[in-house]
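Below is the file structure05.csv, which contains CSV, C-alpha atoms and all ligand atoms.
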chain,number,residue,atom,x,y,z
D,1,MET,CA,-6.9,-13.8,19.4
D,2,THR,CA,-4.0,-12.6,17.2
D,3,THR,CA,-4.2,-13.1,13.4
D,4,THR,CA,-1.4,-14.1,11.0
D,5,ALA,CA,-1.3,-12.2,7.7
D,6,THR,CA,1.0,-11.7,4.8
D,7,ALA,CA,2.5,-8.2,4.4
D,8,ALA,CA,4.9,-6.6,2.0
D,9,VAL,CA,7.6,-5.5,4.4
D,10,LEU,CA,10.0,-2.8,3.6
D,11,HIS,CA,13.4,-3.2,5.3
D,12,GLU,CA,15.3,-0.2,3.9
D,13,VAL,CA,14.3,3.1,2.3
D,14,GLY,CA,14.1,2.7,-1.5
D,15,GLY,CA,14.6,-1.1,-1.1
D,16,ASP,CA,12.5,-4.0,-2.4
D,17,PHE,CA,9.4,-5.1,-0.5
D,18,LYS,CA,9.5,-8.7,0.9
D,19,LEU,CA,6.3,-10.7,1.4
D,20,GLN,CA,6.5,-12.0,4.9
D,21,ASP,CA,4.2,-13.4,7.6
D,22,ILE,CA,3.2,-10.8,10.2
D,23,VAL,CA,1.0,-11.1,13.3
D,24,LEU,CA,-1.8,-8.6,13.9
D,25,ASP,CA,-2.8,-7.6,17.5
D,26,ASP,CA,-6.2,-8.1,19.0
D,27,LEU,CA,-8.7,-5.4,18.1
D,28,GLN,CA,-9.4,-2.4,20.3
D,29,ALA,CA,-13.1,-1.5,20.8
D,30,ASP,CA,-13.3,1.0,17.9
D,31,GLU,CA,-11.3,-1.1,15.4
D,32,ILE,CA,-12.1,-3.5,12.6
D,33,ARG,CA,-10.0,-6.2,10.9
D,34,VAL,CA,-10.3,-6.1,7.1
D,35,ARG,CA,-9.3,-8.7,4.6
D,36,ILE,CA,-7.7,-6.5,1.9
D,37,GLU,CA,-8.9,-7.3,-1.6
D,38,ALA,CA,-7.0,-4.5,-3.3
D,39,CYS,CA,-4.6,-1.6,-2.4
D,40,GLY,CA,-3.6,1.3,-4.6
D,41,ILE,CA,-0.1,2.5,-4.8
D,42,CYS,CA,0.3,6.3,-4.3
D,43,HIS,CA,3.5,8.4,-4.5
D,44,THR,CA,3.4,8.9,-0.8
D,45,ASP,CA,4.2,5.2,-0.4
D,46,ILE,CA,7.5,6.1,-2.0
D,47,GLY,CA,8.0,9.7,-0.7
D,48,ALA,CA,7.2,9.0,2.9
D,49,GLN,CA,9.6,6.0,3.3
D,50,GLY,CA,12.3,8.3,4.8
D,51,LEU,CA,9.9,9.4,7.6
D,52,LEU,CA,9.5,5.9,8.9
D,53,ALA,CA,11.6,3.6,11.1
D,54,MET,CA,12.3,0.4,9.3
D,55,PRO,CA,11.1,-2.3,8.9
D,56,ALA,CA,7.7,-1.0,7.9
D,57,VAL,CA,4.5,-1.9,6.3
D,58,LEU,CA,3.1,0.8,3.9
D,59,GLY,CA,0.1,1.0,1.7
D,60,HIS,CA,-2.7,3.5,2.3
D,61,GLU,CA,-5.4,2.9,-0.3
D,62,GLY,CA,-6.9,-0.3,0.9
D,63,ALA,CA,-10.3,-1.8,0.3
D,64,GLY,CA,-11.7,-5.1,1.3
D,65,ILE,CA,-14.1,-7.2,3.4
D,66,VAL,CA,-14.7,-6.7,7.1
D,67,GLU,CA,-13.6,-9.9,8.9
D,68,GLU,CA,-14.0,-8.9,12.6
D,69,VAL,CA,-15.2,-5.9,14.5
D,70,GLY,CA,-14.2,-4.5,17.9
D,71,ILE,CA,-16.8,-4.6,20.7
D,72,GLY,CA,-17.7,-0.9,20.3
D,73,VAL,CA,-18.3,-1.0,16.5
D,74,THR,CA,-21.9,-0.8,15.5
D,75,ASN,CA,-22.0,0.5,11.9
D,76,VAL,CA,-20.3,-2.4,10.1
D,77,VAL,CA,-20.5,-6.1,10.5
D,78,PRO,CA,-18.3,-9.0,9.1
D,79,GLY,CA,-18.9,-9.4,5.4
D,80,ASP,CA,-19.4,-5.7,4.7
D,81,ARG,CA,-17.1,-4.1,2.1
D,82,VAL,CA,-15.2,-1.0,3.0
D,83,ILE,CA,-12.8,1.5,1.6
D,84,ILE,CA,-10.1,2.6,4.1
D,85,SER,CA,-9.1,6.3,3.9
D,86,PHE,CA,-6.8,8.6,5.9
D,87,GLY,CA,-6.4,8.5,9.7
D,88,PHE,CA,-7.7,11.2,12.0
D,89,CYS,CA,-8.2,11.4,15.8
D,90,ASN,CA,-11.9,12.3,16.1
D,91,HIS,CA,-11.3,14.4,19.2
D,92,CYS,CA,-9.5,17.5,18.2
D,93,PRO,CA,-11.4,20.8,17.4
D,94,ASN,CA,-11.0,20.3,13.6
D,95,CYS,CA,-12.3,16.8,13.8
D,96,PHE,CA,-15.2,18.0,16.0
D,97,GLU,CA,-16.1,20.6,13.4
D,98,GLY,CA,-16.3,17.9,10.7
D,99,ARG,CA,-12.9,18.6,9.1
D,100,PRO,CA,-11.0,15.4,9.7
D,101,TYR,CA,-8.7,16.2,6.7
D,102,VAL,CA,-7.1,18.9,8.8
D,103,CYS,CA,-7.0,16.9,12.0
D,104,ASP,CA,-4.5,18.3,14.6
D,105,ASN,CA,-3.1,14.8,14.9
D,106,SER,CA,-2.9,14.1,11.2
D,107,VAL,CA,0.9,13.6,11.1
D,108,GLN,CA,0.8,11.2,14.0
D,109,SER,CA,-2.3,9.4,12.6
D,110,ASN,CA,-0.9,8.8,9.2
D,111,PHE,CA,2.9,8.7,9.6
D,112,GLY,CA,3.3,7.8,13.3
D,113,GLY,CA,3.8,4.1,12.7
D,114,THR,CA,1.6,3.1,15.6
D,115,ARG,CA,-2.0,3.5,16.8
D,116,LEU,CA,-2.7,7.0,18.1
D,117,ASP,CA,-2.3,5.6,21.7
D,118,GLY,CA,1.2,4.6,20.8
D,119,SER,CA,0.6,0.8,20.8
D,120,ASN,CA,1.6,-1.4,17.9
D,121,THR,CA,-0.7,-3.4,15.7
D,122,THR,CA,1.9,-5.5,13.9
D,123,THR,CA,4.8,-7.8,14.8
D,124,LEU,CA,7.3,-9.5,12.6
D,125,ASP,CA,9.2,-12.4,14.1
D,126,GLY,CA,8.0,-11.4,17.5
D,127,LYS,CA,9.1,-7.8,17.3
D,128,ALA,CA,6.9,-4.7,16.9
D,129,ILE,CA,7.4,-3.0,13.5
D,130,THR,CA,6.3,0.3,11.9
D,131,ALA,CA,2.7,-0.1,10.7
D,132,SER,CA,-0.6,1.8,11.1
D,133,PHE,CA,0.5,3.8,8.0
D,134,PHE,CA,-2.5,6.0,7.4
D,135,GLN,CA,-4.0,3.9,10.3
D,136,GLN,CA,-4.1,0.9,7.9
D,137,SER,CA,-0.8,-0.4,6.3
D,138,SER,CA,-2.7,-2.1,3.5
D,139,PHE,CA,0.2,-3.7,1.6
D,140,ALA,CA,-1.0,-6.8,3.5
D,141,SER,CA,-3.6,-9.5,3.2
D,142,GLN,CA,-5.3,-8.3,6.4
D,143,VAL,CA,-5.1,-5.1,8.4
D,144,ILE,CA,-6.4,-3.5,11.6
D,145,THR,CA,-7.9,0.0,11.2
D,146,PRO,CA,-10.2,2.2,13.3
D,147,VAL,CA,-13.7,2.0,11.9
D,148,ARG,CA,-14.0,5.8,11.7
D,149,ASN,CA,-11.7,6.1,8.7
D,150,THR,CA,-13.5,3.4,6.7
D,151,VAL,CA,-16.4,3.9,4.3
D,152,LYS,CA,-18.9,1.2,3.9
D,153,VAL,CA,-19.7,0.6,0.2
D,154,GLU,CA,-23.0,-0.7,-1.0
D,155,GLN,CA,-22.3,-0.4,-4.7
D,156,ASP,CA,-21.1,-3.4,-6.7
D,157,LEU,CA,-17.7,-2.1,-7.9
D,158,PRO,CA,-14.6,-4.2,-8.4
D,159,PRO,CA,-12.0,-3.8,-5.6
D,160,GLU,CA,-9.4,-2.3,-7.9
D,161,LEU,CA,-11.8,0.6,-8.4
D,162,LEU,CA,-12.7,1.0,-4.7
D,163,ALA,CA,-9.1,1.0,-3.3
D,164,PRO,CA,-7.7,4.1,-5.0
D,165,LEU,CA,-10.6,6.2,-4.0
D,166,GLY,CA,-9.3,6.5,-0.4
D,167,CYS,CA,-6.4,8.9,-1.3
D,168,GLY,CA,-5.2,10.0,-4.7
D,169,ILE,CA,-8.5,10.1,-6.6
D,170,MET,CA,-10.3,11.7,-3.7
D,171,THR,CA,-7.5,14.3,-3.3
D,172,GLY,CA,-7.6,15.3,-7.0
D,173,ALA,CA,-11.4,15.6,-7.2
D,174,GLY,CA,-11.7,17.1,-3.8
D,175,ALA,CA,-9.0,19.8,-4.5
D,176,VAL,CA,-11.3,21.1,-7.3
D,177,MET,CA,-14.7,20.6,-5.6
D,178,ASN,CA,-13.9,21.2,-2.0
D,179,THR,CA,-10.6,23.0,-1.4
D,180,LEU,CA,-10.5,25.4,-4.3
D,181,LYS,CA,-14.3,25.2,-5.0
D,182,VAL,CA,-13.7,26.0,-8.7
D,183,PRO,CA,-17.0,27.5,-10.0
D,184,ALA,CA,-18.5,26.9,-13.4
D,185,GLY,CA,-17.0,29.1,-16.1
D,186,GLU,CA,-13.7,29.8,-14.3
D,187,SER,CA,-10.3,28.8,-15.6
D,188,LEU,CA,-8.2,26.1,-14.1
D,189,VAL,CA,-4.7,25.0,-14.9
D,190,VAL,CA,-3.6,21.6,-13.7
D,191,PHE,CA,0.2,20.9,-13.5
D,192,GLY,CA,1.0,17.2,-13.7
D,193,SER,CA,-1.3,14.5,-15.3
D,194,GLY,CA,-0.9,11.7,-12.8
D,195,ALA,CA,-3.7,10.2,-10.8
D,196,VAL,CA,-4.3,13.4,-8.7
D,197,GLY,CA,-4.0,15.8,-11.7
D,198,LEU,CA,-6.3,13.7,-14.0
D,199,SER,CA,-8.8,13.3,-11.2
D,200,ALA,CA,-8.8,17.1,-10.8
D,201,ILE,CA,-9.4,17.4,-14.6
D,202,MET,CA,-12.4,15.0,-14.5
D,203,ALA,CA,-13.8,17.0,-11.5
D,204,ALA,CA,-13.2,20.3,-13.3
D,205,LYS,CA,-15.3,19.1,-16.2
D,206,ILE,CA,-18.1,18.0,-13.8
D,207,VAL,CA,-18.2,21.5,-12.2
D,208,GLY,CA,-18.1,23.2,-15.5
D,209,ALA,CA,-14.7,24.9,-15.2
D,210,ASN,CA,-13.6,26.5,-18.5
D,211,PRO,CA,-11.0,26.5,-19.9
D,212,ILE,CA,-9.4,23.4,-18.3
D,213,ILE,CA,-5.7,23.4,-19.1
D,214,ALA,CA,-3.5,20.4,-18.5
D,215,VAL,CA,0.3,20.9,-18.3
D,216,ASP,CA,2.7,18.0,-18.4
D,217,VAL,CA,5.8,16.8,-20.3
D,218,ASN,CA,4.4,13.4,-21.4
D,219,GLU,CA,2.4,13.5,-24.6
D,220,GLN,CA,0.5,10.3,-23.8
D,221,ARG,CA,-0.7,11.7,-20.5
D,222,LEU,CA,-1.7,14.9,-22.1
D,223,ALA,CA,-3.7,13.0,-24.7
D,224,LEU,CA,-5.5,11.2,-21.8
D,225,ALA,CA,-6.0,14.6,-20.0
D,226,GLN,CA,-7.8,15.8,-23.2
D,227,ASP,CA,-9.8,12.6,-23.3
D,228,LEU,CA,-10.9,13.2,-19.7
D,229,GLY,CA,-11.9,16.8,-20.0
D,230,ALA,CA,-9.0,19.2,-20.6
D,231,THR,CA,-10.0,21.8,-23.1
D,232,HIS,CA,-6.3,22.7,-23.8
D,233,VAL,CA,-3.1,20.8,-23.2
D,234,ILE,CA,0.4,22.2,-23.0
D,235,ASN,CA,3.7,20.3,-23.2
D,236,ALA,CA,6.0,22.2,-20.8
D,237,GLY,CA,9.0,20.4,-22.3
D,238,LYS,CA,8.3,22.1,-25.6
D,239,VAL,CA,6.9,25.5,-25.0
D,240,ASN,CA,6.8,28.2,-22.3
D,241,SER,CA,3.8,27.1,-20.4
D,242,VAL,CA,3.0,30.4,-18.7
D,243,GLU,CA,3.1,32.3,-22.0
D,244,LYS,CA,0.8,29.7,-23.5
D,245,ILE,CA,-1.6,29.9,-20.6
D,246,MET,CA,-1.7,33.7,-20.9
D,247,GLU,CA,-2.6,33.3,-24.6
D,248,ILE,CA,-5.6,31.1,-23.5
D,249,CYS,CA,-6.5,33.2,-20.4
D,250,PRO,CA,-5.4,36.8,-21.1
D,251,ARG,CA,-6.3,37.9,-17.6
D,252,GLY,CA,-4.4,35.0,-16.1
D,253,ALA,CA,-5.8,31.8,-14.6
D,254,ALA,CA,-8.4,32.0,-11.8
D,255,PHE,CA,-7.2,28.7,-10.4
D,256,SER,CA,-4.1,26.5,-10.7
D,257,PHE,CA,-3.3,23.2,-9.1
D,258,GLU,CA,0.2,21.9,-8.8
D,259,THR,CA,0.4,18.1,-8.5
D,260,SER,CA,3.8,17.3,-10.1
D,261,GLY,CA,6.3,18.3,-7.4
D,262,VAL,CA,8.5,19.9,-10.0
D,263,GLU,CA,10.1,23.2,-8.9
D,264,SER,CA,9.5,25.0,-12.2
D,265,ALA,CA,5.9,23.8,-12.2
D,266,LEU,CA,5.2,25.4,-8.8
D,267,ASN,CA,6.7,28.7,-10.0
D,268,ASP,CA,4.6,28.5,-13.2
D,269,ALA,CA,1.5,27.6,-11.2
D,270,ILE,CA,1.9,30.9,-9.3
D,271,ASP,CA,3.1,33.0,-12.3
D,272,CYS,CA,0.1,32.0,-14.5
D,273,LEU,CA,-2.5,33.3,-12.0
D,274,GLY,CA,-4.5,36.4,-12.6
D,275,MET,CA,-5.5,38.9,-9.8
D,276,ALA,CA,-6.9,37.2,-6.7
D,277,GLY,CA,-6.0,33.8,-8.3
D,278,GLN,CA,-5.7,30.7,-6.2
D,279,CYS,CA,-3.0,28.1,-6.4
D,280,GLY,CA,-3.5,24.7,-4.8
D,281,MET,CA,-0.5,22.5,-4.1
D,282,VAL,CA,-0.7,18.8,-3.2
D,283,THR,CA,3.0,18.1,-3.1
D,284,VAL,CA,6.3,20.0,-2.8
D,285,PRO,CA,9.6,20.1,-4.6
D,286,ASN,CA,12.5,18.9,-2.4
D,287,TYR,CA,10.9,17.8,0.9
D,288,GLY,CA,12.2,19.8,3.8
D,289,GLU,CA,14.4,22.3,1.7
D,290,LYS,CA,14.0,26.0,1.5
D,291,TYR,CA,12.3,27.1,-1.6
D,292,PRO,CA,13.6,29.9,-3.9
D,293,PHE,CA,10.3,31.4,-5.2
D,294,THR,CA,9.5,35.1,-5.0
D,295,PRO,CA,6.7,35.9,-2.6
D,296,PHE,CA,6.2,39.1,-4.6
D,297,GLY,CA,4.3,37.1,-7.2
D,298,ILE,CA,1.7,36.1,-4.6
D,299,PHE,CA,1.5,39.5,-2.9
D,300,VAL,CA,1.2,41.6,-6.1
D,301,LYS,CA,-1.7,39.6,-7.3
D,302,ALA,CA,-3.4,39.2,-3.9
D,303,ALA,CA,-3.1,35.6,-4.8
D,304,THR,CA,-3.5,32.6,-2.5
D,305,LEU,CA,-1.2,29.6,-2.2
D,306,GLN,CA,-3.2,26.8,-0.6
D,307,GLY,CA,-1.9,23.4,0.6
D,308,VAL,CA,-4.3,20.7,-0.2
D,309,PHE,CA,-4.8,17.8,2.2
D,310,PHE,CA,-6.9,14.9,1.2
D,311,GLY,CA,-8.9,17.2,-1.1
D,312,SER,CA,-10.6,18.6,2.0
D,313,ALA,CA,-12.9,15.6,1.8
D,314,VAL,CA,-15.0,13.9,4.4
D,315,PRO,CA,-14.7,10.4,2.9
D,316,ASN,CA,-18.0,9.1,4.3
D,317,THR,CA,-19.9,11.5,2.1
D,318,PHE,CA,-17.5,12.4,-0.7
D,319,LEU,CA,-16.5,8.9,-1.8
D,320,GLY,CA,-20.2,8.0,-2.4
D,321,GLN,CA,-20.5,11.1,-4.6
D,322,ILE,CA,-17.4,10.1,-6.7
D,323,ILE,CA,-18.8,6.6,-7.1
D,324,ASP,CA,-22.1,8.1,-8.3
D,325,PHE,CA,-20.2,10.2,-10.8
D,326,TYR,CA,-18.4,7.2,-12.0
D,327,GLN,CA,-21.6,5.2,-12.4
D,328,GLN,CA,-23.1,8.0,-14.4
D,329,GLY,CA,-20.1,7.9,-16.8
D,330,ARG,CA,-18.9,11.4,-15.7
D,331,PHE,CA,-15.8,10.4,-13.8
D,332,PRO,CA,-14.2,7.5,-15.7
D,333,TYR,CA,-11.2,7.0,-13.4
D,334,ASP,CA,-11.1,3.3,-14.4
D,335,LYS,CA,-9.0,4.6,-17.3
D,336,LEU,CA,-6.1,5.4,-14.9
D,337,VAL,CA,-6.0,2.0,-13.2
D,338,LYS,CA,-3.6,-0.9,-13.9
D,339,THR,CA,-3.8,-4.0,-11.7
D,340,TYR,CA,-0.9,-6.1,-10.4
D,341,SER,CA,-0.8,-9.3,-8.4
D,342,PHE,CA,0.3,-8.6,-4.8
D,343,LYS,CA,3.4,-10.7,-5.3
D,344,ASP,CA,4.5,-8.3,-8.2
D,345,ILE,CA,4.6,-5.3,-5.8
D,346,ASN,CA,8.2,-4.5,-6.7
D,347,ARG,CA,7.5,-4.4,-10.4
D,348,ALA,CA,4.5,-2.2,-9.7
D,349,MET,CA,6.7,0.1,-7.6
D,350,THR,CA,9.3,0.3,-10.4
D,351,GLU,CA,6.6,1.2,-12.9
D,352,THR,CA,5.1,3.8,-10.6
D,353,LYS,CA,8.5,5.5,-10.1
D,354,SER,CA,9.2,5.5,-13.9
D,355,GLY,CA,5.7,7.0,-14.6
D,356,ASP,CA,4.8,4.1,-16.9
D,357,VAL,CA,1.6,3.6,-14.9
D,358,ILE,CA,-0.8,6.2,-13.6
D,359,LYS,CA,-2.7,4.4,-10.8
D,360,PRO,CA,-1.3,1.0,-10.0
D,361,VAL,CA,-3.5,-1.2,-7.8
D,362,LEU,CA,-2.4,-4.5,-6.1
D,363,LEU,CA,-4.8,-7.3,-6.0
D,364,MET,CA,-4.3,-9.5,-2.9
D,365,ASP,CA,-6.0,-12.7,-4.1
D,401,ZN,ZN,-8.5,15.3,14.9
D,402,ZN,ZN,-1.8,8.8,-1.1
Could you take the file, read its structure, and then write that structure out as structure tokens?
Ligand SMILES: [Zn+2]
Ligand SMILES: [Zn+2]
Amino acid sequence: MTTTATAAVLHEVGGDFKLQDIVLDDLQADEIRVRIEACGICHTDIGAQGLLAMPAVLGHEGAGIVEEVGIGVTNVVPGDRVIISFGFCNHCPNCFEGRPYVCDNSVQSNFGGTRLDGSNTTTLDGKAITASFFQQSSFASQVITPVRNTVKVEQDLPPELLAPLGCGIMTGAGAVMNTLKVPAGESLVVFGSGAVGLSAIMAAKIVGANPIIAVDVNEQRLALAQDLGATHVINAGKVNSVEKIMEICPRGAAFSFETSGVESALNDAIDCLGMAGQCGMVTVPNYGEKYPFTPFGIFVKAATLQGVFFGSAVPNTFLGQIIDFYQQGRFPYDKLVKTYSFKDINRAMTETKSGDVIKPVLLMD
């Protein structure tokens, strides 16, 4: 039996979202239908629009209550609360080895616009539209998602704190803890103090990195970075950040993490490294364009430039750890969150683009 839901439908790249009735398909055996309570907004909801055929339903940080389960689903039942994370296929070699964050079918799973078998979950006015964004499309009152990319939550946390764990917060914390594996006592420089960068700083404090240096051009965000664990902050709009970093770390930084997507920041994140330093990057300047950096800076330091996908996290174990850290008061990511009513999605998007809000979360009820 199909289900009618309300979704924020995007009809043109960069345009406004329109709340419209959609119809969700019947569930396949391994799928569940979730009533979305909250959905975070992430910059990928803006940056990825150009990859999708319109109209489309975006949203990839959903959390909510299970309403219905497919016949093959045994680990959740209606009434359970779940966080929905990224899509993966569960049958490629990387998924088999327990690394779904580098699934061979990651692009198709998350940006393909359909289920992995090519079928559509969502119709608008009787026509199939692009959905299954990150196998969820959670800018909607209800979604269909494979159960494998959901995490059942036992803890009593409000939905606006559950939703953003599935992508941005996990990516920032995971970059430090899983991808770069920053050890205690080593230096880390984080470029960009948005949701990903600030999550990296909180994680760096937990693992005992030192110093933890935040670089941004926004004084308010730098103050928050300091509040969350940065030992030093640098305003790249006012001083030469590499020179400043070298004053703090005379041998160069052991680790850097570029989260801003600003061209000069990626250059600085490479230039500030010491010998055998490692730079993680979670976004890129100018999608698709050739990049004018000098590979010599990597070679001459035997440095590593590492792309970071989903913080190398296995959500089913890692999200529980983050929630534990939050409940212990060691990962206060609630300070990043601002809630909006679902109907105010366009205002939330505008404030996301302008940088006025760090982690906007839509509340569906
Ligand atoms: Zn896979
Ligand atoms: Zn995201």
Counting all atoms listed in the file, what residues are within 8 Å of ligand ZN 402 (chain D), given as a list in words?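 The neighbouring residues of ligand ZN 402 (chain D) are, in order, Ile41, Cys42, His43, Thr44, Asp45, His60, Glu61, Gly166, Cys167 and Gly168 of chain D.
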Check every protein, DNA and RNA residue against ligand ZN 401 (chain D), keep those with an atom at most 10 Å away (counting all atoms listed in the file), and present them as a list of chain:residue names. D:Gly87, D:Phe88, D:Cys89, D:Asn90, D:His91, D:Cys92, D:Pro93, D:Asn94, D:Cys95, D:Phe96, D:Glu97, D:Gly98, D:Arg99, D:Pro100, D:Tyr101, D:Val102, D:Cys103, D:Asp104, D:Asn105, D:Ser106, D:Ser109
Considering all atoms listed in the file, can you say which of D:Ile298, D:Ala209, D:Val34, D:Val262 comes closest to D:Val77?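 Of D:Ile298, D:Ala209, D:Val34, D:Val262, the one nearest D:Val77, counting all atoms listed in the file, is D:Val34.
With distances restricted to all atoms listed in the file, D:Asn218 is the closest residue to D:Ser354 from D:Phe318, D:Pro146, D:Asn218, D:Glu289.
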What's the 9 Å shell around stretch 177-182 of chain D, counting all atoms listed in the file, without same-chain residues fewer than 6 positions away, as a PyMOL selection string? chain D and resi 188+200+203-204+207-209+254-255+257+278-280+306-309+311-313
Spatial neighbours of stretch 325-341 of chain D, max dist 7 Å, all atoms listed in the file, sep filter under 2 positions, as number ranges by chain: D: 160-161, 195, 202, 206, 321-323, 343-344, 348, 357-364
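Here atom CA of D:Ala184 and atom CA of D:Leu266 stand 24.2 Å from one another.
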Return the single residue from D:Thr259, D:Pro159, D:Thr231, D:Gly252 that is closest to D:Asp216, with distances computed using all atoms listed in the file.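 Of D:Thr259, D:Pro159, D:Thr231, D:Gly252, the one nearest D:Asp216 is D:Thr259, counting all atoms listed in the file.
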Enter the distance from atom CA of D:Phe111 to atom CA of D:Ala48, in Å, rounded to one decimal.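 Going from atom CA of D:Phe111 over to atom CA of D:Ala48 covers 8.0 Å.
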Within 7 Å of stretch 120-131 of chain D, counting only C-alpha atoms, which residues show up once you throw out same-chain ones fewer than 5 positions away? Write them as an MDAnalysis selection string, please. chainID D and resid 22:25 53:58 113:115 137
Emit stretch 140-158 of chain D of the structure in the block as a file comprising N, CA and C atoms, as a PDB file, in the first residue's frame.
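Output saved as part.pdb:
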ATOM      1  N   ALA D 140      11.289  15.476   4.278  1.00  0.00           N
ATOM      2  CA  ALA D 140       9.960  14.913   4.043  1.00  0.00           C
ATOM      3  C   ALA D 140       9.383  14.422   5.362  1.00  0.00           C
ATOM      4  N   SER D 141       8.068  14.302   5.388  1.00  0.00           N
ATOM      5  CA  SER D 141       7.438  13.829   6.627  1.00  0.00           C
ATOM      6  C   SER D 141       7.629  12.330   6.806  1.00  0.00           C
ATOM      7  N   GLN D 142       7.775  11.593   5.699  1.00  0.00           N
ATOM      8  CA  GLN D 142       8.047  10.162   5.776  1.00  0.00           C
ATOM      9  C   GLN D 142       9.018   9.791   4.670  1.00  0.00           C
ATOM     10  N   VAL D 143       9.825   8.757   4.914  1.00  0.00           N
ATOM     11  CA  VAL D 143      10.786   8.313   3.895  1.00  0.00           C
ATOM     12  C   VAL D 143      10.850   6.789   3.868  1.00  0.00           C
ATOM     13  N   ILE D 144      11.350   6.291   2.741  1.00  0.00           N
ATOM     14  CA  ILE D 144      11.712   4.872   2.626  1.00  0.00           C
ATOM     15  C   ILE D 144      13.226   4.797   2.643  1.00  0.00           C
ATOM     16  N   THR D 145      13.759   3.899   3.451  1.00  0.00           N
ATOM     17  CA  THR D 145      15.218   3.747   3.508  1.00  0.00           C
ATOM     18  C   THR D 145      15.560   2.287   3.765  1.00  0.00           C
ATOM     19  N   PRO D 146      16.704   1.811   3.231  1.00  0.00           N
ATOM     20  CA  PRO D 146      17.135   0.455   3.592  1.00  0.00           C
ATOM     21  C   PRO D 146      17.463   0.425   5.086  1.00  0.00           C
ATOM     22  N   VAL D 147      17.117  -0.646   5.752  1.00  0.00           N
ATOM     23  CA  VAL D 147      17.352  -0.690   7.201  1.00  0.00           C
ATOM     24  C   VAL D 147      18.845  -0.681   7.525  1.00  0.00           C
ATOM     25  N   ARG D 148      19.681  -1.128   6.585  1.00  0.00           N
ATOM     26  CA  ARG D 148      21.117  -1.266   6.899  1.00  0.00           C
ATOM     27  C   ARG D 148      21.785   0.071   7.197  1.00  0.00           C
ATOM     28  N   ASN D 149      21.275   1.176   6.637  1.00  0.00           N
ATOM     29  CA  ASN D 149      21.927   2.452   6.928  1.00  0.00           C
ATOM     30  C   ASN D 149      21.191   3.243   8.010  1.00  0.00           C
ATOM     31  N   THR D 150      20.453   2.530   8.847  1.00  0.00           N
ATOM     32  CA  THR D 150      19.829   3.196   9.989  1.00  0.00           C
ATOM     33  C   THR D 150      20.431   2.658  11.284  1.00  0.00           C
ATOM     34  N   VAL D 151      20.413   3.504  12.284  1.00  0.00           N
ATOM     35  CA  VAL D 151      20.959   3.142  13.594  1.00  0.00           C
ATOM     36  C   VAL D 151      19.835   3.288  14.615  1.00  0.00           C
ATOM     37  N   LYS D 152      19.515   2.188  15.272  1.00  0.00           N
ATOM     38  CA  LYS D 152      18.466   2.234  16.299  1.00  0.00           C
ATOM     39  C   LYS D 152      19.016   2.950  17.531  1.00  0.00           C
ATOM     40  N   VAL D 153      18.214   3.860  18.068  1.00  0.00           N
ATOM     41  CA  VAL D 153      18.679   4.662  19.208  1.00  0.00           C
ATOM     42  C   VAL D 153      17.872   4.292  20.441  1.00  0.00           C
ATOM     43  N   GLU D 154      18.571   3.944  21.504  1.00  0.00           N
ATOM     44  CA  GLU D 154      17.891   3.617  22.764  1.00  0.00           C
ATOM     45  C   GLU D 154      17.838   4.848  23.666  1.00  0.00           C
ATOM     46  N   GLN D 155      18.840   5.730  23.523  1.00  0.00           N
ATOM     47  CA  GLN D 155      18.939   6.869  24.435  1.00  0.00           C
ATOM     48  C   GLN D 155      17.821   7.875  24.186  1.00  0.00           C
ATOM     49  N   ASP D 156      17.453   8.574  25.243  1.00  0.00           N
ATOM     50  CA  ASP D 156      16.358   9.531  25.152  1.00  0.00           C
ATOM     51  C   ASP D 156      16.916  10.919  24.827  1.00  0.00           C
ATOM     52  N   LEU D 157      17.202  11.122  23.557  1.00  0.00           N
ATOM     53  CA  LEU D 157      17.720  12.421  23.107  1.00  0.00           C
ATOM     54  C   LEU D 157      16.668  13.077  22.214  1.00  0.00           C
ATOM     55  N   PRO D 158      16.556  14.411  22.234  1.00  0.00           N
ATOM     56  CA  PRO D 158      15.582  15.048  21.350  1.00  0.00           C
ATOM     57  C   PRO D 158      15.963  14.852  19.885  1.00  0.00           C
TER      58      PRO D 158
END
